[in-house]
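*Asks:* The structure follows.
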Amino acid sequence: MSRPIRAITATVAALLLATGCNSAATGNSPDSKGSSARGVTDKSIKVGGIVSMTTASGYSKKDTDLGAKARFDRANAEGGINGRKIDYLGAEDDGQDPAKNLAAARKLVQQDKVFAIAPMSSTTFSGSDFLQKQKVPTFGWGTIPSFCGPSYMYGMTGCLVPMPGGTISQQWPEGLKEVTHGSKGKTVAILANDSDAGVFAIRTYKQSFASAGYKVTYAKPSVPATSVPSDWSAYTKEILRSNGGKAPDMVVSVMQTPYNIGLFTAVKRTGYKGVLTDPTDYDPGLLAKSATREALDGVHILLTFEPFETKNAAMDQFKADIKKASGGKDIPLNMHMMTGYMSADLFIGIAKQAGRDLTVDSFQKAADGYSDTGTMVGDRAEPTGQKQAFGCGALVQLKNGAYHVSAPFKCYEPIPFK
């Protein structure tokens, strides 16, 4: 499903934890140059990343590495962090494989002796318990439960996975009120995959949309998670009759792009004129194929960061940094670049506040109570972000081959997760 929810299927984080116990490197052990913290010398701070650059399906998050590099490069050009340059080693490729994810974490800590992991971007995070035990500050997109609770894990948009006793972010249904001109009397159908992730998504968004005032007429995790259906008629018939025999005002998909293409194409062929929305398909690469553009045309897509179409100083700086890091080339922007960039940005902010005497303890002390405002992911606060999302988002609509902002970036109050 969505970036926040589809990663739930990767909750194998405890895998092989015991194998990490033979390391001589601890969170605060000295490195070979006599520093009081692993990866920290008088002149540098060593940081590495873990990213799914290659996968069996061909899906890649490789540009997460570029985004992190862009932000670290600018920090170094501005003098580094309290007199130290950031020695960014680049990202290890975990191939979206749990064993490789853990191996990458062990290599970065035990062999490369990094102070922190930034970014970590994968749908599997089996190395999380090892990194927590080794006291390695780790930054990524908080779409995985591992980023929600552990003291050394930091989501660049906070924790996006609702936890027991926690909250649900409301940026999706609240933002859609801009599109549907309010929620009063408006009906919604929600569809997800028949997986643990899909069940969790339905549970979450059924609460979310109902709390925003929409009437949920359909909410099922019924689409096979193992393969994209070739015939969507059974699903479309059920959805489009869910509102007392009529179609709902909005169809919400919490699935990945191949599923969305199939579903939305089938729905459009029935003559449906309501709102279509998902949290996945904001990627200029999708516009390269005419069939994909046609299938997703008109769809409103949720973002948990400012759209690239935003006109402000922070976005201008982001674009300039990405261009410089890519060798001066004008390359299409994507969400993976933003993930890497803002993961690095949060690390830099906390590390600066920790001061010149940088240790894991001083870093954690700085993180406890860290806050800033007006970033491209909204107002950030720790350790709140380890328990709930920062609650900010926007919607963009794909129209005539280009994305347009349909609901401006804004922060919303969360609701209790039941």
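In the structure tokens, the first chain shown is A, the next is B, and so on; residue numbers restart at 1 for each chain, and ligands run from 1 in the order shown.
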So that I can check the surroundings of segment 51-63 of chain A, please list as a ChimeraX atom specification every protein, DNA and RNA residue that reaches within 8 Å of it, counting only C-alpha atoms and ignoring chain neighbours fewer than 2 positions away.

*Replies:* /A:49,65-67,91-96,119-122,334,336-337,340

*Asks:* Which polymer residues have any atom within 10 Å of an atom of segment 168-173 of chain A, counting only C-alpha atoms, with same-chain residues fewer than 6 positions away left out, as a PyMOL selection string?

*Replies:* chain A and resi 159-162+179-180+182-183+204-205+207-214+277-279+301-304+388-395+407+409-418

*Asks:* Quick one, how far is atom CA of Ser227 of chain A from atom CA of Gly401 of chain A?

*Replies:*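 Calculated distance between atom CA of Ser227 of chain A and atom CA of Gly401 of chain A is 27.3 Å.
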
*Asks:* Could you please determine the separation between atom CA of Leu102 of chain A and atom CA of Ser44 of chain A in Å, to one decimal place?

*Replies:*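 For atom CA of Leu102 of chain A relative to atom CA of Ser44 of chain A, the distance reads 25.5 Å.
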
*Asks:* Which residues are close to Val405 of chain A, i.e. within 12 Å by only C-alpha atoms, leaving aside same-chain residues fewer than 5 positions away? Reply as a VMD selection string.

*Replies:* chain A and resid 175 to 176 178 to 179 282 298 to 303 306 to 311 393 to 399
